[in-house]
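Q: Just passing along the structure, written as structure tokens.
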Amino acid sequence: MAPGLAVLLVGDRKDSSLYVELKKKTALKLGFNSFVVKLEEESSLEQILNHIDQFNKDTSVHGILVQLPLPKHIDPALVLRRVDVNKDVDGLHPQGAIFQPCTPKGCLELLDRSNIDVSGKDVVVLGRSRVVGLPLSLLLTKRNATVTLCHSRSQQVKQKAQRADILISACGVPELVRGDWIKPGAVVVDVGINHIPDHTKGSGYRIVGDVCFEEAYKVASHITPVPGGVGPMTIAMLMHNTWLSFITKVQDENSCK
Ligand SMILES: Nc1nc(=O)c2c([nH]1)NC[C@@H]1CN(c3ccc(C(=O)N[C@@H](CCC(=O)O)C(=O)O)cc3)C=[N+]21
């Protein structure tokens, strides 16, 4: 018996296909079982829910991940709610997830492993997404940080960022955060993964974060790169949650409640 991770991909977005492939490769490398189901973009809600029910029933599946975003005609909340909460290794269950969502968990892991204590610090989070910004702010608050959660309607975001001891960007705006947004010595965590056109690359694009790294690394004390930063940590945390589900000893500290 080995931990089993099931991934459901609906449609054939290039970025989603790549991420699903990375998850599968990592699972297999760890000796996990990997089950990937790919459905057509036009699939109905019923078809999608059917596959989730099968994963829910399958005792060799310990973790289920529904790759987001789903096609426009599908309400993600309906799909995520169908996933057995005990197998929701993505931590995205609308009501009371057991596992911590992977990207926020990865950010905290990066801070922990760099011995950066968030308690009492002023943390500014850019972006209020249901998958990253919002849950990350809650987890940071639980760890006694003072959190300012900025979003598209926030005013004077640059001035707010400049006061941060720890600045976390998860807003999906390529290189929004410039060197002069950062307090000297601050810690910068870049969650953004943005594809921008680049004709000098064979692929026709290159990946940049939400932070202008060239400027930021000169000002910050610590900074995560893109690629090679939060992205791989997200996958590592997905595997960790799948492992926790497998051993079914999820302690309170992994609770999102
Ligand atoms: N239900 C769900 N759960 C997710 O966790 C989820 C999702 N949907 N939808 C999309 C985002 C995105 N995501 C990434 C994970 C790893 C890398 C990663 O490892 N990136 C490499 C680069 C890979 C590349 O070349 O693009 C890096 O940053 O070094 C990126 C992005 C998980 N997501």
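Every chain in the structure tokens takes a letter, A first, then B, and so on in the order presented; its residues are numbered from 1, and the ligands are numbered from 1 following the presented order.
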Write as an MDAnalysis selection string the residues around ligand 1, taking 8 Å as the cut-off and counting only C-alpha atoms and all ligand atoms.

A: chainID A and resid 15:16 18:19 22:23 65:69 90 92 101:103 131 193 207 226:235 238

Q: At a cut-off of 10 Å, can you tabulate as a Markdown table every residue of range 77-193 of chain A near range 39-52 of chain A together with its closest atom pair and the distance in Å to one decimal, using only C-alpha atoms and ordering rows by chain then number?

A:
```
| residue | atom | partner | partner_atom | distance |
| --- | --- | --- | --- | --- |
| A:Leu78 | CA | A:Leu45 | CA | 8.6 |
| A:Val79 | CA | A:Leu49 | CA | 6.5 |
| A:Leu80 | CA | A:Ile52 | CA | 9.2 |
| A:Arg81 | CA | A:Leu49 | CA | 9.9 |
| A:Arg82 | CA | A:Ile52 | CA | 6.9 |
| A:Val83 | CA | A:Ile52 | CA | 6.3 |
| A:Asp84 | CA | A:Ile52 | CA | 8.6 |
```

Q: Okay, now the selection with N, CA and C atoms, as a PDB file, in the first residue's frame?

A:
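Output contents, as saved in result.pdb:
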```pdb
ATOM      1  N   LEU A  78     -19.246  23.963  -6.484  1.00  0.00           N
ATOM      2  CA  LEU A  78     -20.032  22.723  -6.513  1.00  0.00           C
ATOM      3  C   LEU A  78     -19.129  21.506  -6.638  1.00  0.00           C
ATOM      4  N   VAL A  79     -18.062  21.657  -7.412  1.00  0.00           N
ATOM      5  CA  VAL A  79     -17.146  20.541  -7.638  1.00  0.00           C
ATOM      6  C   VAL A  79     -16.295  20.296  -6.392  1.00  0.00           C
ATOM      7  N   LEU A  80     -15.747  21.387  -5.825  1.00  0.00           N
ATOM      8  CA  LEU A  80     -14.856  21.240  -4.665  1.00  0.00           C
ATOM      9  C   LEU A  80     -15.617  20.665  -3.472  1.00  0.00           C
ATOM     10  N   ARG A  81     -16.902  21.034  -3.341  1.00  0.00           N
ATOM     11  CA  ARG A  81     -17.709  20.553  -2.210  1.00  0.00           C
ATOM     12  C   ARG A  81     -17.925  19.044  -2.278  1.00  0.00           C
ATOM     13  N   ARG A  82     -17.904  18.493  -3.498  1.00  0.00           N
ATOM     14  CA  ARG A  82     -18.162  17.067  -3.689  1.00  0.00           C
ATOM     15  C   ARG A  82     -16.990  16.198  -3.225  1.00  0.00           C
ATOM     16  N   VAL A  83     -15.783  16.792  -3.215  1.00  0.00           N
ATOM     17  CA  VAL A  83     -14.597  16.033  -2.800  1.00  0.00           C
ATOM     18  C   VAL A  83     -14.720  15.671  -1.319  1.00  0.00           C
ATOM     19  N   ASP A  84     -14.534  14.403  -0.994  1.00  0.00           N
ATOM     20  CA  ASP A  84     -14.515  13.949   0.407  1.00  0.00           C
ATOM     21  C   ASP A  84     -13.520  14.810   1.176  1.00  0.00           C
TER      22      ASP A  84
END
```

Q: Please identify which residues in range 2-222 of chain A DSSP calls strand (DSSP E or B) from the backbone, and express them as a ChimeraX atom specification.

A: /A:4-10,33-39,63-66,122-126,146-150,166-169,177,187-190,194-197,205-208,211,222

Q: Can you list, as a PyMOL selection string, every protein, DNA or RNA residue that comes within 7 Å of range 175-184 of chain A when you count only C-alpha atoms, leaving out same-chain residues fewer than 4 positions away?

A: chain A and resi 158+161-164+209-212+215-216+219-220

Q: Quick one: pick out all alpha helix (DSSP H) residues within range 161-249 of chain A from a backbone DSSP run and write them as a list in words.

A: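 Checking each residue of range 161-249 of chain A, the alpha helix (DSSP H) ones are Ala161, Gln162, Phe213, Glu214, Glu215, Ala216, Val230, Gly231, Pro232, Met233, Thr234, Ile235, Ala236, Met237, Leu238, Met239, His240, Asn241, Thr242, Trp243, Leu244, Ser245, Phe246 and Ile247 of chain A.
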
Q: Would you write out those residues with N, CA, C and O atoms, as a tab-separated table (two decimals), in the first residue's frame?

A:
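Written out: part-v6.tsv:
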```tsv
chain	number	residue	atom	x	y	z
A	161	ALA	N	2.98	48.58	1.19
A	161	ALA	CA	4.04	47.58	1.00
A	161	ALA	C	5.35	48.04	1.65
A	161	ALA	O	6.06	47.24	2.26
A	162	GLN	N	5.61	49.34	1.55
A	162	GLN	CA	6.88	49.88	2.07
A	162	GLN	C	7.00	49.74	3.59
A	162	GLN	O	8.09	49.83	4.14
A	213	PHE	N	12.55	40.96	-9.72
A	213	PHE	CA	13.62	40.34	-8.91
A	213	PHE	C	14.92	41.15	-8.97
A	213	PHE	O	15.59	41.34	-7.95
A	214	GLU	N	15.27	41.61	-10.18
A	214	GLU	CA	16.53	42.33	-10.38
A	214	GLU	C	16.66	43.53	-9.44
A	214	GLU	O	17.74	43.84	-8.96
A	215	GLU	N	15.55	44.21	-9.21
A	215	GLU	CA	15.57	45.36	-8.29
A	215	GLU	C	15.42	44.91	-6.84
A	215	GLU	O	16.08	45.43	-5.94
A	216	ALA	N	14.56	43.92	-6.63
A	216	ALA	CA	14.15	43.57	-5.27
A	216	ALA	C	15.25	42.89	-4.47
A	216	ALA	O	15.39	43.13	-3.27
A	230	VAL	N	8.17	29.44	-4.76
A	230	VAL	CA	6.92	28.97	-4.16
A	230	VAL	C	6.29	27.82	-4.98
A	230	VAL	O	5.68	26.92	-4.40
A	231	GLY	N	6.44	27.83	-6.30
A	231	GLY	CA	5.82	26.81	-7.16
A	231	GLY	C	6.20	25.38	-6.75
A	231	GLY	O	5.34	24.57	-6.41
A	232	PRO	N	7.51	25.07	-6.74
A	232	PRO	CA	7.91	23.73	-6.32
A	232	PRO	C	7.52	23.42	-4.88
A	232	PRO	O	7.21	22.27	-4.55
A	233	MET	N	7.48	24.46	-4.00
A	233	MET	CA	7.05	24.23	-2.62
A	233	MET	C	5.59	23.84	-2.56
A	233	MET	O	5.18	23.03	-1.72
A	234	THR	N	4.78	24.43	-3.46
A	234	THR	CA	3.36	24.09	-3.50
A	234	THR	C	3.18	22.60	-3.80
A	234	THR	O	2.38	21.92	-3.15
A	235	ILE	N	3.96	22.11	-4.72
A	235	ILE	CA	3.87	20.69	-5.07
A	235	ILE	C	4.37	19.82	-3.92
A	235	ILE	O	3.75	18.80	-3.58
A	236	ALA	N	5.44	20.27	-3.27
A	236	ALA	CA	5.95	19.52	-2.11
A	236	ALA	C	4.88	19.42	-1.02
A	236	ALA	O	4.70	18.36	-0.40
A	237	MET	N	4.15	20.51	-0.79
A	237	MET	CA	3.13	20.52	0.26
A	237	MET	C	1.93	19.66	-0.13
A	237	MET	O	1.29	19.05	0.73
A	238	LEU	N	1.64	19.60	-1.43
A	238	LEU	CA	0.58	18.70	-1.90
A	238	LEU	C	0.93	17.25	-1.56
A	238	LEU	O	0.09	16.47	-1.10
A	239	MET	N	2.20	16.92	-1.77
A	239	MET	CA	2.66	15.56	-1.46
A	239	MET	C	2.62	15.33	0.05
A	239	MET	O	2.25	14.25	0.51
A	240	HIS	N	2.98	16.37	0.81
A	240	HIS	CA	2.95	16.23	2.26
A	240	HIS	C	1.52	15.99	2.75
A	240	HIS	O	1.28	15.10	3.58
A	241	ASN	N	0.57	16.75	2.21
A	241	ASN	CA	-0.83	16.55	2.60
A	241	ASN	C	-1.32	15.16	2.21
A	241	ASN	O	-2.06	14.53	2.95
A	242	THR	N	-0.89	14.69	1.04
A	242	THR	CA	-1.29	13.35	0.61
A	242	THR	C	-0.72	12.29	1.56
A	242	THR	O	-1.39	11.33	1.92
A	243	TRP	N	0.51	12.53	1.97
A	243	TRP	CA	1.14	11.64	2.95
A	243	TRP	C	0.37	11.66	4.26
A	243	TRP	O	0.06	10.61	4.85
A	244	LEU	N	0.03	12.86	4.74
A	244	LEU	CA	-0.73	12.99	6.00
A	244	LEU	C	-2.07	12.28	5.88
A	244	LEU	O	-2.51	11.61	6.82
A	245	SER	N	-2.72	12.41	4.73
A	245	SER	CA	-4.00	11.75	4.53
A	245	SER	C	-3.81	10.23	4.58
A	245	SER	O	-4.62	9.51	5.17
A	246	PHE	N	-2.73	9.77	4.00
A	246	PHE	CA	-2.40	8.34	3.98
A	246	PHE	C	-2.22	7.81	5.39
A	246	PHE	O	-2.76	6.76	5.75
A	247	ILE	N	-1.47	8.50	6.19
A	247	ILE	CA	-1.25	8.01	7.56
A	247	ILE	C	-2.40	8.42	8.48
A	247	ILE	O	-2.47	7.97	9.62
```

Q: Can you pull out every residue within 12 Å of Ile116 in chain A, counting only C-alpha atoms, but drop anything in the same chain fewer than 3 positions away, and send it as a PDB file with all heavy atoms, in the first residue's frame?

A:
```pdb
ATOM      1  N   CYS A 107       4.368  28.700   1.536  1.00  0.00           N
ATOM      2  CA  CYS A 107       4.941  29.995   1.929  1.00  0.00           C
ATOM      3  C   CYS A 107       5.407  29.952   3.381  1.00  0.00           C
ATOM      4  O   CYS A 107       6.510  30.419   3.707  1.00  0.00           O
ATOM      5  CB  CYS A 107       3.905  31.112   1.764  1.00  0.00           C
ATOM      6  SG  CYS A 107       3.449  31.427   0.057  1.00  0.00           S
ATOM      7  N   LEU A 108       4.575  29.382   4.263  1.00  0.00           N
ATOM      8  CA  LEU A 108       4.947  29.299   5.681  1.00  0.00           C
ATOM      9  C   LEU A 108       6.144  28.387   5.870  1.00  0.00           C
ATOM     10  O   LEU A 108       7.035  28.671   6.678  1.00  0.00           O
ATOM     11  CB  LEU A 108       3.756  28.798   6.514  1.00  0.00           C
ATOM     12  CG  LEU A 108       2.526  29.714   6.549  1.00  0.00           C
ATOM     13  CD1 LEU A 108       1.425  29.089   7.397  1.00  0.00           C
ATOM     14  CD2 LEU A 108       2.881  31.100   7.071  1.00  0.00           C
ATOM     15  N   GLU A 109       6.187  27.310   5.107  1.00  0.00           N
ATOM     16  CA  GLU A 109       7.316  26.371   5.191  1.00  0.00           C
ATOM     17  C   GLU A 109       8.626  27.074   4.796  1.00  0.00           C
ATOM     18  O   GLU A 109       9.659  26.882   5.432  1.00  0.00           O
ATOM     19  CB  GLU A 109       7.039  25.173   4.279  1.00  0.00           C
ATOM     20  CG  GLU A 109       8.019  24.032   4.394  1.00  0.00           C
ATOM     21  CD  GLU A 109       7.791  23.170   5.640  1.00  0.00           C
ATOM     22  OE1 GLU A 109       6.725  23.281   6.274  1.00  0.00           O
ATOM     23  OE2 GLU A 109       8.715  22.392   5.968  1.00  0.00           O
ATOM     24  N   LEU A 110       8.551  27.892   3.739  1.00  0.00           N
ATOM     25  CA  LEU A 110       9.746  28.634   3.301  1.00  0.00           C
ATOM     26  C   LEU A 110      10.218  29.579   4.405  1.00  0.00           C
ATOM     27  O   LEU A 110      11.421  29.683   4.676  1.00  0.00           O
ATOM     28  CB  LEU A 110       9.427  29.436   2.030  1.00  0.00           C
ATOM     29  CG  LEU A 110       9.383  28.633   0.727  1.00  0.00           C
ATOM     30  CD1 LEU A 110       8.671  29.422  -0.365  1.00  0.00           C
ATOM     31  CD2 LEU A 110      10.796  28.275   0.275  1.00  0.00           C
ATOM     32  N   LEU A 111       9.283  30.270   5.057  1.00  0.00           N
ATOM     33  CA  LEU A 111       9.647  31.193   6.135  1.00  0.00           C
ATOM     34  C   LEU A 111      10.227  30.408   7.311  1.00  0.00           C
ATOM     35  O   LEU A 111      11.283  30.775   7.850  1.00  0.00           O
ATOM     36  CB  LEU A 111       8.419  32.002   6.580  1.00  0.00           C
ATOM     37  CG  LEU A 111       7.852  32.972   5.533  1.00  0.00           C
ATOM     38  CD1 LEU A 111       6.525  33.565   6.013  1.00  0.00           C
ATOM     39  CD2 LEU A 111       8.837  34.090   5.216  1.00  0.00           C
ATOM     40  N   ASP A 112       9.562  29.309   7.680  1.00  0.00           N
ATOM     41  CA  ASP A 112      10.032  28.490   8.807  1.00  0.00           C
ATOM     42  C   ASP A 112      11.458  28.003   8.575  1.00  0.00           C
ATOM     43  O   ASP A 112      12.302  28.079   9.461  1.00  0.00           O
ATOM     44  CB  ASP A 112       9.134  27.257   8.991  1.00  0.00           C
ATOM     45  CG  ASP A 112       7.787  27.615   9.608  1.00  0.00           C
ATOM     46  OD1 ASP A 112       7.662  28.739  10.134  1.00  0.00           O
ATOM     47  OD2 ASP A 112       6.873  26.776   9.548  1.00  0.00           O
ATOM     48  N   ARG A 113      11.694  27.499   7.384  1.00  0.00           N
ATOM     49  CA  ARG A 113      13.008  26.906   7.100  1.00  0.00           C
ATOM     50  C   ARG A 113      14.091  27.956   6.956  1.00  0.00           C
ATOM     51  O   ARG A 113      15.283  27.625   6.926  1.00  0.00           O
ATOM     52  CB  ARG A 113      12.938  26.030   5.861  1.00  0.00           C
ATOM     53  CG  ARG A 113      12.110  24.803   6.139  1.00  0.00           C
ATOM     54  CD  ARG A 113      12.245  23.799   5.030  1.00  0.00           C
ATOM     55  NE  ARG A 113      11.441  22.633   5.323  1.00  0.00           N
ATOM     56  CZ  ARG A 113      11.820  21.392   5.054  1.00  0.00           C
ATOM     57  NH1 ARG A 113      12.974  21.175   4.471  1.00  0.00           N
ATOM     58  NH2 ARG A 113      11.034  20.386   5.341  1.00  0.00           N
ATOM     59  N   SER A 119       5.633  36.188  14.052  1.00  0.00           N
ATOM     60  CA  SER A 119       4.929  36.710  15.219  1.00  0.00           C
ATOM     61  C   SER A 119       5.297  38.180  15.474  1.00  0.00           C
ATOM     62  O   SER A 119       6.479  38.521  15.551  1.00  0.00           O
ATOM     63  CB  SER A 119       5.270  35.870  16.455  1.00  0.00           C
ATOM     64  OG  SER A 119       4.628  36.407  17.579  1.00  0.00           O
ATOM     65  N   GLY A 120       4.281  39.020  15.538  1.00  0.00           N
ATOM     66  CA  GLY A 120       4.487  40.445  15.806  1.00  0.00           C
ATOM     67  C   GLY A 120       4.946  41.255  14.604  1.00  0.00           C
ATOM     68  O   GLY A 120       5.054  42.484  14.688  1.00  0.00           O
ATOM     69  N   LYS A 121       5.214  40.590  13.488  1.00  0.00           N
ATOM     70  CA  LYS A 121       5.699  41.310  12.295  1.00  0.00           C
ATOM     71  C   LYS A 121       4.545  41.934  11.516  1.00  0.00           C
ATOM     72  O   LYS A 121       3.415  41.441  11.543  1.00  0.00           O
ATOM     73  CB  LYS A 121       6.440  40.345  11.366  1.00  0.00           C
ATOM     74  CG  LYS A 121       7.636  39.665  11.984  1.00  0.00           C
ATOM     75  CD  LYS A 121       8.884  40.520  11.907  1.00  0.00           C
ATOM     76  CE  LYS A 121      10.032  39.927  12.707  1.00  0.00           C
ATOM     77  NZ  LYS A 121      10.420  38.602  12.233  1.00  0.00           N
ATOM     78  N   VAL A 123       2.986  42.122   8.178  1.00  0.00           N
ATOM     79  CA  VAL A 123       3.003  41.368   6.927  1.00  0.00           C
ATOM     80  C   VAL A 123       1.985  41.988   5.972  1.00  0.00           C
ATOM     81  O   VAL A 123       0.832  42.215   6.352  1.00  0.00           O
ATOM     82  CB  VAL A 123       2.650  39.882   7.149  1.00  0.00           C
ATOM     83  CG1 VAL A 123       2.725  39.114   5.836  1.00  0.00           C
ATOM     84  CG2 VAL A 123       3.581  39.255   8.188  1.00  0.00           C
ATOM     85  N   ARG A 143      -0.716  32.927  13.413  1.00  0.00           N
ATOM     86  CA  ARG A 143       0.658  32.894  13.922  1.00  0.00           C
ATOM     87  C   ARG A 143       1.095  34.240  14.488  1.00  0.00           C
ATOM     88  O   ARG A 143       2.286  34.523  14.595  1.00  0.00           O
ATOM     89  CB  ARG A 143       1.613  32.483  12.810  1.00  0.00           C
ATOM     90  CG  ARG A 143       1.456  31.027  12.415  1.00  0.00           C
ATOM     91  CD  ARG A 143       2.555  30.683  11.468  1.00  0.00           C
ATOM     92  NE  ARG A 143       2.604  29.271  11.137  1.00  0.00           N
ATOM     93  CZ  ARG A 143       3.713  28.668  10.714  1.00  0.00           C
ATOM     94  NH1 ARG A 143       4.824  29.357  10.571  1.00  0.00           N
ATOM     95  NH2 ARG A 143       3.695  27.393  10.424  1.00  0.00           N
ATOM     96  N   ALA A 145       0.974  37.326  13.324  1.00  0.00           N
ATOM     97  CA  ALA A 145       1.448  38.430  12.482  1.00  0.00           C
ATOM     98  C   ALA A 145       0.353  39.496  12.435  1.00  0.00           C
ATOM     99  O   ALA A 145      -0.818  39.199  12.678  1.00  0.00           O
ATOM    100  CB  ALA A 145       1.738  37.925  11.075  1.00  0.00           C
ATOM    101  N   ASP A 165       7.400  44.242   7.036  1.00  0.00           N
ATOM    102  CA  ASP A 165       8.584  43.453   7.390  1.00  0.00           C
ATOM    103  C   ASP A 165       8.665  42.238   6.471  1.00  0.00           C
ATOM    104  O   ASP A 165       9.742  41.772   6.131  1.00  0.00           O
ATOM    105  CB  ASP A 165       8.489  42.969   8.842  1.00  0.00           C
ATOM    106  CG  ASP A 165       8.343  44.120   9.827  1.00  0.00           C
ATOM    107  OD1 ASP A 165       9.133  45.077   9.724  1.00  0.00           O
ATOM    108  OD2 ASP A 165       7.428  44.063  10.680  1.00  0.00           O
ATOM    109  N   ILE A 166       7.478  41.722   6.133  1.00  0.00           N
ATOM    110  CA  ILE A 166       7.386  40.590   5.216  1.00  0.00           C
ATOM    111  C   ILE A 166       6.344  40.940   4.150  1.00  0.00           C
ATOM    112  O   ILE A 166       5.208  41.281   4.488  1.00  0.00           O
ATOM    113  CB  ILE A 166       6.966  39.299   5.956  1.00  0.00           C
ATOM    114  CG1 ILE A 166       7.966  38.987   7.080  1.00  0.00           C
ATOM    115  CG2 ILE A 166       6.856  38.127   4.986  1.00  0.00           C
ATOM    116  CD1 ILE A 166       7.552  37.829   7.993  1.00  0.00           C
ATOM    117  N   ALA A 186      13.661  43.826   4.312  1.00  0.00           N
ATOM    118  CA  ALA A 186      12.399  43.073   4.390  1.00  0.00           C
ATOM    119  C   ALA A 186      12.536  41.704   3.720  1.00  0.00           C
ATOM    120  O   ALA A 186      13.458  41.468   2.932  1.00  0.00           O
ATOM    121  CB  ALA A 186      11.268  43.871   3.751  1.00  0.00           C
ATOM    122  N   VAL A 187      11.602  40.819   4.062  1.00  0.00           N
ATOM    123  CA  VAL A 187      11.538  39.484   3.462  1.00  0.00           C
ATOM    124  C   VAL A 187      10.466  39.517   2.375  1.00  0.00           C
ATOM    125  O   VAL A 187       9.364  40.015   2.599  1.00  0.00           O
ATOM    126  CB  VAL A 187      11.178  38.438   4.537  1.00  0.00           C
ATOM    127  CG1 VAL A 187      10.921  37.069   3.900  1.00  0.00           C
ATOM    128  CG2 VAL A 187      12.281  38.354   5.586  1.00  0.00           C
ATOM    129  N   VAL A 188      10.810  39.004   1.187  1.00  0.00           N
ATOM    130  CA  VAL A 188       9.872  39.042   0.059  1.00  0.00           C
ATOM    131  C   VAL A 188       9.555  37.625  -0.411  1.00  0.00           C
ATOM    132  O   VAL A 188      10.468  36.845  -0.704  1.00  0.00           O
ATOM    133  CB  VAL A 188      10.450  39.877  -1.110  1.00  0.00           C
ATOM    134  CG1 VAL A 188       9.506  39.861  -2.307  1.00  0.00           C
ATOM    135  CG2 VAL A 188      10.733  41.312  -0.656  1.00  0.00           C
ATOM    136  N   VAL A 189       8.267  37.295  -0.445  1.00  0.00           N
ATOM    137  CA  VAL A 189       7.813  35.997  -0.955  1.00  0.00           C
ATOM    138  C   VAL A 189       6.974  36.260  -2.204  1.00  0.00           C
ATOM    139  O   VAL A 189       5.960  36.954  -2.137  1.00  0.00           O
ATOM    140  CB  VAL A 189       6.985  35.224   0.100  1.00  0.00           C
ATOM    141  CG1 VAL A 189       6.493  33.898  -0.468  1.00  0.00           C
ATOM    142  CG2 VAL A 189       7.811  35.009   1.367  1.00  0.00           C
ATOM    143  N   SER A 221      16.226  41.298   2.467  1.00  0.00           N
ATOM    144  CA  SER A 221      17.183  40.416   3.152  1.00  0.00           C
ATOM    145  C   SER A 221      17.034  38.988   2.634  1.00  0.00           C
ATOM    146  O   SER A 221      18.014  38.249   2.546  1.00  0.00           O
ATOM    147  CB  SER A 221      16.959  40.451   4.666  1.00  0.00           C
ATOM    148  OG  SER A 221      15.682  39.954   4.994  1.00  0.00           O
ATOM    149  N   HIS A 222      15.790  38.591   2.330  1.00  0.00           N
ATOM    150  CA  HIS A 222      15.498  37.269   1.777  1.00  0.00           C
ATOM    151  C   HIS A 222      14.478  37.460   0.672  1.00  0.00           C
ATOM    152  O   HIS A 222      13.580  38.295   0.794  1.00  0.00           O
ATOM    153  CB  HIS A 222      14.867  36.337   2.811  1.00  0.00           C
ATOM    154  CG  HIS A 222      15.689  36.078   4.026  1.00  0.00           C
ATOM    155  ND1 HIS A 222      15.952  37.041   4.968  1.00  0.00           N
ATOM    156  CD2 HIS A 222      16.288  34.942   4.472  1.00  0.00           C
ATOM    157  CE1 HIS A 222      16.695  36.518   5.929  1.00  0.00           C
ATOM    158  NE2 HIS A 222      16.910  35.244   5.651  1.00  0.00           N
ATOM    159  N   ILE A 223      14.566  36.645  -0.373  1.00  0.00           N
ATOM    160  CA  ILE A 223      13.580  36.735  -1.459  1.00  0.00           C
ATOM    161  C   ILE A 223      13.460  35.379  -2.150  1.00  0.00           C
ATOM    162  O   ILE A 223      14.458  34.659  -2.277  1.00  0.00           O
ATOM    163  CB  ILE A 223      13.969  37.855  -2.458  1.00  0.00           C
ATOM    164  CG1 ILE A 223      12.915  38.012  -3.556  1.00  0.00           C
ATOM    165  CG2 ILE A 223      15.347  37.617  -3.055  1.00  0.00           C
ATOM    166  CD1 ILE A 223      13.055  39.295  -4.366  1.00  0.00           C
TER     167      ILE A 223
END
```

Q: Which value, in Å to one decimal, gives the distance between CA of Val173 in chain A and CA of Asp190 in chain A?

A: 11.0 Å

Q: Considering only C-alpha atoms, return as number ranges by chain whatever protein or nucleic-acid residues lie within 9 Å of Lys38 in chain A, sequence-local ones (same chain, fewer than 2 positions apart) excluded.

A: A: 7-12, 36, 40

Q: Which one of A:Val157, A:Pro76, A:Arg13, A:Asn115 sits closest to Arg130 in chain A if you count only C-alpha atoms?

A: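 The closest residue to Arg130 in chain A is A:Pro76.
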
Q: So how far away is CA of Leu126 in chain A from CA of Glu21 in chain A, in Å?

A: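 That distance, rounded to one decimal, is 28.3 Å.
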
Q: To one decimal in Å, tell me the separation between CA of Ala27 in chain A and CA of Pro3 in chain A.

A: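 It comes out at 8.9 Å.
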